[in-house]
Amino acid sequence: MDQNINPVYINLNEDLSTCASDASLSFHDIFKTEGTKEDLEFLFESPYAPYSEYALDKLDHIDLVIKKSGNYVRPLEVKLTVLPDNATETKKDQSMWGTELVIRPDSTSYASLGIYHSLKHKAKEIKELLEPVAEAINNWENEVEIGQHRDQIIGILDIFQQQYFSFQEPFLLQPIWKTQGKSPELSENAFDIFVWSDMALCRLIINQERKESKRRSTQKIQKNAKIIPVSRYLRASARLLRCLYELFSKEKTNIGRIFRGMQLGNQTDKECSLNGSVTNSYMKHPRLLNPCLKKEVLRHIILGGGEKILSPERRFDASIFFTARHLFEIEPADDVNEDN
């Protein structure tokens, strides 16, 4: 059901700030649906074949691949998120509510490939820009060395984004559903969708490393430490720089070696996660407070009695919440009388 409503697009500005706007991007822009829509294909959990020429190893899957008339159009990540998350649901001011965003290595690898794809015609000048910092790192898998080059890594990524922000592309679809606080009950204004550009998503990670570094610098134990742990955000930033430099200098990169091999003292199950207190400022928009679609829209989405075959996961806490709360309204004395 087409409501003819633009998504809220989060994109990067030249000054490295981000902007959330519903006036700059339409779904026609995202899906390339000018003209007929009958020849569109949506492939789920599929590799985006045009990027395979940039990978020395097997290309990972991405959530959604768009094809039109048999031609590949765009790869997209999809993150369905609830508003508010656990970090913000206690805030009385709902404008401060936010959603948790969990980012996978597949997401950052595809963002890197997409940025290169948009800029490969400028490979020579970008290689020269990144080279002094990238070539100064001898071992990308050494925690100490990455920590020592932290400022240079973040600094060159800042310069890169300032110079080439205009080449960013839509990358991550973030549908949200809003509930009444921590309750599972849907709000009246329940559904909306935000879209992150590839560079805005990378900026989110880079900025979080700045905050993490500042936090560490205020902790006395870290001031005296010989080895400062590499945060997930610094690891993601280092992976981004390494991948981009290899692509712009060699036209190919080893995805697995970078996005799974560069552990740097962290587990590799996810790239990083950012709670609603962090994402709120990036997603700040009237539609974060009041999503554009009412909950009744579900009647036009789930058809043919589909709601009757939903099978939510059974959890002990959910069973208590939905079916047993009345037991706690019985006075203890009543329990004793019933047993007797």
# chains A, B, ... in the order shown; residues from 1 in each chain; ligands from 1
call {"tool": "select_by_dssp", "arguments": {"residues": "range 7-220 of chain A", "states": "strand (DSSP E)", "output": "ChimeraX atom specification"}}
result
/A:8-12,18-21,40-46,62-68,71-78,81-83,101-103,170-179,186-197
call {"tool": "closest_atom_pairs", "arguments": {"of": "range 19-138 of chain A", "to": "range 238-251 of chain A", "cutoff": "10 Å", "atoms": "only C-alpha atoms", "output": "JSON lines"}}
result
{"residue": "A:Glu53", "atom": "CA", "partner": "A:Glu251", "partner_atom": "CA", "distance": 8.6}
{"residue": "A:Tyr54", "atom": "CA", "partner": "A:Glu251", "partner_atom": "CA", "distance": 6.2}
{"residue": "A:Ala55", "atom": "CA", "partner": "A:Glu251", "partner_atom": "CA", "distance": 8.8}
{"residue": "A:Leu56", "atom": "CA", "partner": "A:Glu251", "partner_atom": "CA", "distance": 9.9}
{"residue": "A:Pro105", "atom": "CA", "partner": "A:Arg239", "partner_atom": "CA", "distance": 9.5}
{"residue": "A:Thr108", "atom": "CA", "partner": "A:Leu240", "partner_atom": "CA", "distance": 7.3}
{"residue": "A:Ser109", "atom": "CA", "partner": "A:Leu240", "partner_atom": "CA", "distance": 7.6}
{"residue": "A:Ala111", "atom": "CA", "partner": "A:Leu240", "partner_atom": "CA", "distance": 8.7}
{"residue": "A:Ser112", "atom": "CA", "partner": "A:Leu240", "partner_atom": "CA", "distance": 6.3}
{"residue": "A:Leu113", "atom": "CA", "partner": "A:Leu244", "partner_atom": "CA", "distance": 7.8}
{"residue": "A:Ile115", "atom": "CA", "partner": "A:Leu244", "partner_atom": "CA", "distance": 8.2}
{"residue": "A:Tyr116", "atom": "CA", "partner": "A:Leu244", "partner_atom": "CA", "distance": 6.7}
{"residue": "A:His117", "atom": "CA", "partner": "A:Leu247", "partner_atom": "CA", "distance": 9.4}
{"residue": "A:Leu119", "atom": "CA", "partner": "A:Phe248", "partner_atom": "CA", "distance": 8.8}
{"residue": "A:Lys120", "atom": "CA", "partner": "A:Phe248", "partner_atom": "CA", "distance": 6.8}
{"residue": "A:His121", "atom": "CA", "partner": "A:Phe248", "partner_atom": "CA", "distance": 9.4}
{"residue": "A:Lys122", "atom": "CA", "partner": "A:Phe248", "partner_atom": "CA", "distance": 8.3}
{"residue": "A:Ala123", "atom": "CA", "partner": "A:Phe248", "partner_atom": "CA", "distance": 4.9}
{"residue": "A:Lys124", "atom": "CA", "partner": "A:Phe248", "partner_atom": "CA", "distance": 7.1}
{"residue": "A:Glu125", "atom": "CA", "partner": "A:Phe248", "partner_atom": "CA", "distance": 8.9}
{"residue": "A:Ile126", "atom": "CA", "partner": "A:Phe248", "partner_atom": "CA", "distance": 6.7}
{"residue": "A:Lys127", "atom": "CA", "partner": "A:Phe248", "partner_atom": "CA", "distance": 5.4}
{"residue": "A:Glu128", "atom": "CA", "partner": "A:Ser249", "partner_atom": "CA", "distance": 8.8}
{"residue": "A:Leu129", "atom": "CA", "partner": "A:Tyr245", "partner_atom": "CA", "distance": 9.3}
{"residue": "A:Leu130", "atom": "CA", "partner": "A:Tyr245", "partner_atom": "CA", "distance": 6.3}
{"residue": "A:Glu131", "atom": "CA", "partner": "A:Tyr245", "partner_atom": "CA", "distance": 7.2}
{"residue": "A:Val133", "atom": "CA", "partner": "A:Leu241", "partner_atom": "CA", "distance": 9.1}
{"residue": "A:Ala134", "atom": "CA", "partner": "A:Arg242", "partner_atom": "CA", "distance": 6.8}
{"residue": "A:Glu135", "atom": "CA", "partner": "A:Tyr245", "partner_atom": "CA", "distance": 9.2}
{"residue": "A:Ile137", "atom": "CA", "partner": "A:Arg242", "partner_atom": "CA", "distance": 9.6}
call {"tool": "write_last_selection", "arguments": {"atoms": "N, CA and C atoms", "output": "short mmCIF file (atom, residue, chain, number, x, y, z; two decimals), in the first residue's frame"}}
result
data_model
loop_
_atom_site.label_atom_id
_atom_site.label_comp_id
_atom_site.auth_asym_id
_atom_site.auth_seq_id
_atom_site.Cartn_x
_atom_site.Cartn_y
_atom_site.Cartn_z
N GLU A 53 33.51 -8.12 -8.01
CA GLU A 53 34.78 -7.83 -8.68
C GLU A 53 35.76 -7.10 -7.77
N TYR A 54 35.27 -6.57 -6.64
CA TYR A 54 36.15 -5.87 -5.71
C TYR A 54 36.66 -6.78 -4.60
N ALA A 55 36.15 -7.99 -4.52
CA ALA A 55 36.48 -8.89 -3.40
C ALA A 55 37.42 -10.00 -3.86
N LEU A 56 38.49 -10.21 -3.11
CA LEU A 56 39.40 -11.32 -3.39
C LEU A 56 38.86 -12.64 -2.86
N PRO A 105 29.38 -6.76 11.00
CA PRO A 105 30.51 -6.58 10.08
C PRO A 105 30.08 -6.55 8.61
N THR A 108 29.21 -2.90 7.68
CA THR A 108 30.32 -1.98 7.44
C THR A 108 31.13 -2.38 6.21
N SER A 109 31.20 -3.68 5.93
CA SER A 109 31.93 -4.10 4.72
C SER A 109 31.18 -3.63 3.47
N ALA A 111 29.08 -1.09 3.32
CA ALA A 111 29.17 0.37 3.27
C ALA A 111 30.49 0.78 2.64
N SER A 112 31.58 0.10 3.01
CA SER A 112 32.90 0.40 2.44
C SER A 112 32.91 0.14 0.94
N LEU A 113 32.37 -1.00 0.53
CA LEU A 113 32.33 -1.34 -0.90
C LEU A 113 31.48 -0.34 -1.68
N ILE A 115 30.90 2.84 -0.88
CA ILE A 115 31.61 4.12 -0.97
C ILE A 115 32.66 4.05 -2.08
N TYR A 116 33.38 2.95 -2.14
CA TYR A 116 34.37 2.79 -3.21
C TYR A 116 33.70 2.77 -4.58
N HIS A 117 32.59 2.06 -4.68
CA HIS A 117 31.87 1.95 -5.96
C HIS A 117 31.48 3.34 -6.48
N LEU A 119 33.04 6.12 -5.83
CA LEU A 119 34.19 7.02 -5.95
C LEU A 119 35.38 6.42 -6.71
N LYS A 120 35.21 5.25 -7.30
CA LYS A 120 36.38 4.59 -7.90
C LYS A 120 36.97 5.39 -9.06
N HIS A 121 36.18 6.28 -9.65
CA HIS A 121 36.72 7.14 -10.71
C HIS A 121 37.68 8.18 -10.16
N LYS A 122 37.75 8.32 -8.84
CA LYS A 122 38.69 9.24 -8.20
C LYS A 122 39.76 8.48 -7.42
N ALA A 123 40.04 7.26 -7.84
CA ALA A 123 40.92 6.37 -7.08
C ALA A 123 42.30 6.97 -6.85
N LYS A 124 42.88 7.59 -7.85
CA LYS A 124 44.26 8.09 -7.72
C LYS A 124 44.37 9.14 -6.63
N GLU A 125 43.48 10.12 -6.64
CA GLU A 125 43.57 11.20 -5.66
C GLU A 125 43.23 10.71 -4.25
N ILE A 126 42.30 9.76 -4.14
CA ILE A 126 41.94 9.25 -2.81
C ILE A 126 43.05 8.36 -2.26
N LYS A 127 43.67 7.57 -3.11
CA LYS A 127 44.82 6.77 -2.67
C LYS A 127 45.90 7.69 -2.09
N GLU A 128 46.19 8.78 -2.76
CA GLU A 128 47.21 9.71 -2.29
C GLU A 128 46.81 10.36 -0.97
N LEU A 129 45.51 10.57 -0.77
CA LEU A 129 45.02 11.14 0.48
C LEU A 129 45.20 10.17 1.64
N LEU A 130 44.82 8.91 1.44
CA LEU A 130 44.83 7.92 2.52
C LEU A 130 46.21 7.33 2.78
N GLU A 131 47.07 7.38 1.79
CA GLU A 131 48.34 6.65 1.83
C GLU A 131 49.24 6.96 3.03
N VAL A 133 48.71 7.77 6.10
CA VAL A 133 48.26 7.14 7.35
C VAL A 133 48.23 5.62 7.19
N ALA A 134 47.67 5.13 6.10
CA ALA A 134 47.53 3.68 5.92
C ALA A 134 48.89 2.99 5.83
N GLU A 135 49.83 3.58 5.14
CA GLU A 135 51.14 2.95 4.98
C GLU A 135 51.98 3.02 6.25
N ILE A 137 50.94 2.14 9.09
CA ILE A 137 50.51 1.03 9.94
C ILE A 137 51.10 -0.26 9.37
#
call {"tool": "residues_around", "arguments": {"residues": "Asn142 in chain A", "least_positions_apart": "2", "cutoff": "12 Å", "atoms": "only C-alpha atoms", "output": "list in words"}}
result
Ile137, Asn138, Asn139, Trp140, Val144, Glu145, Ile146, Gly147, Gln148, His149, Ile227, Ile228, Pro229, Val230, Arg235, Ala238, Gly261, Met262, Gln263, Leu264 and Gly265 of chain A
call {"tool": "residues_around", "arguments": {"residues": "range 202-212 of chain A", "least_positions_apart": "3", "cutoff": "10 Å", "atoms": "only C-alpha atoms", "output": "PyMOL selection string"}}
result
chain A and resi 11-12+16-18+103+107-108+111-112+150-151+153-155+157-158+161+196-199+215-217+230-238+240+271-274+278-279+282
call {"tool": "write_last_selection", "arguments": {"atoms": "C-alpha atoms", "output": "mmCIF file, in the first residue's frame"}}
result
data_model
loop_
_atom_site.group_PDB
_atom_site.id
_atom_site.type_symbol
_atom_site.label_atom_id
_atom_site.label_comp_id
_atom_site.auth_asym_id
_atom_site.auth_seq_id
_atom_site.Cartn_x
_atom_site.Cartn_y
_atom_site.Cartn_z
ATOM 1 C CA ASN A 11 22.735 12.061 5.537
ATOM 2 C CA LEU A 12 26.137 13.641 6.139
ATOM 3 C CA LEU A 16 30.543 16.274 9.374
ATOM 4 C CA SER A 17 27.234 16.928 11.081
ATOM 5 C CA THR A 18 24.255 14.821 10.059
ATOM 6 C CA ILE A 103 25.669 -3.038 13.307
ATOM 7 C CA SER A 107 27.016 -3.824 7.194
ATOM 8 C CA THR A 108 30.316 -1.979 7.437
ATOM 9 C CA ALA A 111 29.174 0.367 3.274
ATOM 10 C CA SER A 112 32.896 0.397 2.442
ATOM 11 C CA ARG A 150 44.060 6.124 16.680
ATOM 12 C CA ASP A 151 44.158 9.912 16.136
ATOM 13 C CA ILE A 153 42.936 6.964 11.653
ATOM 14 C CA ILE A 154 40.050 9.116 12.866
ATOM 15 C CA GLY A 155 41.593 12.274 11.444
ATOM 16 C CA LEU A 157 38.517 9.526 7.866
ATOM 17 C CA ASP A 158 37.264 12.997 8.837
ATOM 18 C CA GLN A 161 34.320 12.388 4.427
ATOM 19 C CA TRP A 196 20.837 6.140 6.679
ATOM 20 C CA SER A 197 23.340 6.975 3.977
ATOM 21 C CA ASP A 198 26.516 4.896 3.881
ATOM 22 C CA MET A 199 28.635 7.837 5.028
ATOM 23 C CA ARG A 215 35.690 8.679 28.287
ATOM 24 C CA ARG A 216 38.785 6.496 28.532
ATOM 25 C CA SER A 217 41.060 9.505 28.950
ATOM 26 C CA VAL A 230 40.874 -0.982 21.124
ATOM 27 C CA SER A 231 37.151 -0.255 21.290
ATOM 28 C CA ARG A 232 34.716 -1.780 18.813
ATOM 29 C CA TYR A 233 34.298 1.708 17.331
ATOM 30 C CA LEU A 234 38.025 2.166 16.745
ATOM 31 C CA ARG A 235 38.216 -1.330 15.286
ATOM 32 C CA ALA A 236 35.367 -0.507 12.895
ATOM 33 C CA SER A 237 37.089 2.748 11.912
ATOM 34 C CA ALA A 238 40.401 0.963 11.303
ATOM 35 C CA LEU A 240 36.975 1.033 7.175
ATOM 36 C CA GLU A 271 30.747 -4.662 14.711
ATOM 37 C CA CYS A 272 29.211 -2.527 17.438
ATOM 38 C CA SER A 273 25.911 -1.498 18.989
ATOM 39 C CA LEU A 274 24.581 1.952 19.796
ATOM 40 C CA VAL A 278 23.243 7.755 21.075
ATOM 41 C CA THR A 279 21.004 7.333 18.024
ATOM 42 C CA TYR A 282 21.093 11.508 14.742
#
call {"tool": "closest_residue", "arguments": {"among": "A:Ser166, A:Asn71, A:Asn254, A:Asn189", "to": "Leu298 in chain A", "atoms": "only C-alpha atoms"}}
result
A:Asn189
call {"tool": "closest_residue", "arguments": {"among": "A:Arg315, A:Lys270, A:His326, A:Lys295", "to": "Leu186 in chain A", "atoms": "only C-alpha atoms"}}
result
A:Lys295
call {"tool": "atom_distance", "arguments": {"atom1": "CA of Asn6 in chain A", "atom2": "CA of His285 in chain A"}}
result
13.2 Å
call {"tool": "closest_residue", "arguments": {"among": "A:Lys32, A:Lys294, A:Lys67, A:Lys58", "to": "Phe44 in chain A", "atoms": "only C-alpha atoms"}}
result
A:Lys67
call {"tool": "residues_around", "arguments": {"residues": "Leu80 in chain A", "least_positions_apart": "2", "cutoff": "7 Å", "atoms": "only C-alpha atoms", "output": "list in words"}}
result
Val78, Gln174, Pro175 and Ile176 of chain A
call {"tool": "atom_distance", "arguments": {"atom1": "CA of His300 in chain A", "atom2": "CA of Phe321 in chain A"}}
result
28.9 Å
call {"tool": "residues_around", "arguments": {"residues": "Ser69 in chain A", "least_positions_apart": "6", "cutoff": "10 Å", "atoms": "only C-alpha atoms", "output": "list of chain:residue names"}}
result
A:Lys37, A:Glu38, A:Asp39, A:Leu40, A:Glu41
call {"tool": "closest_residue", "arguments": {"among": "A:Asp192, A:Thr268, A:Glu141, A:Lys68", "to": "Pro286 in chain A", "atoms": "only C-alpha atoms"}}
result
A:Asp192
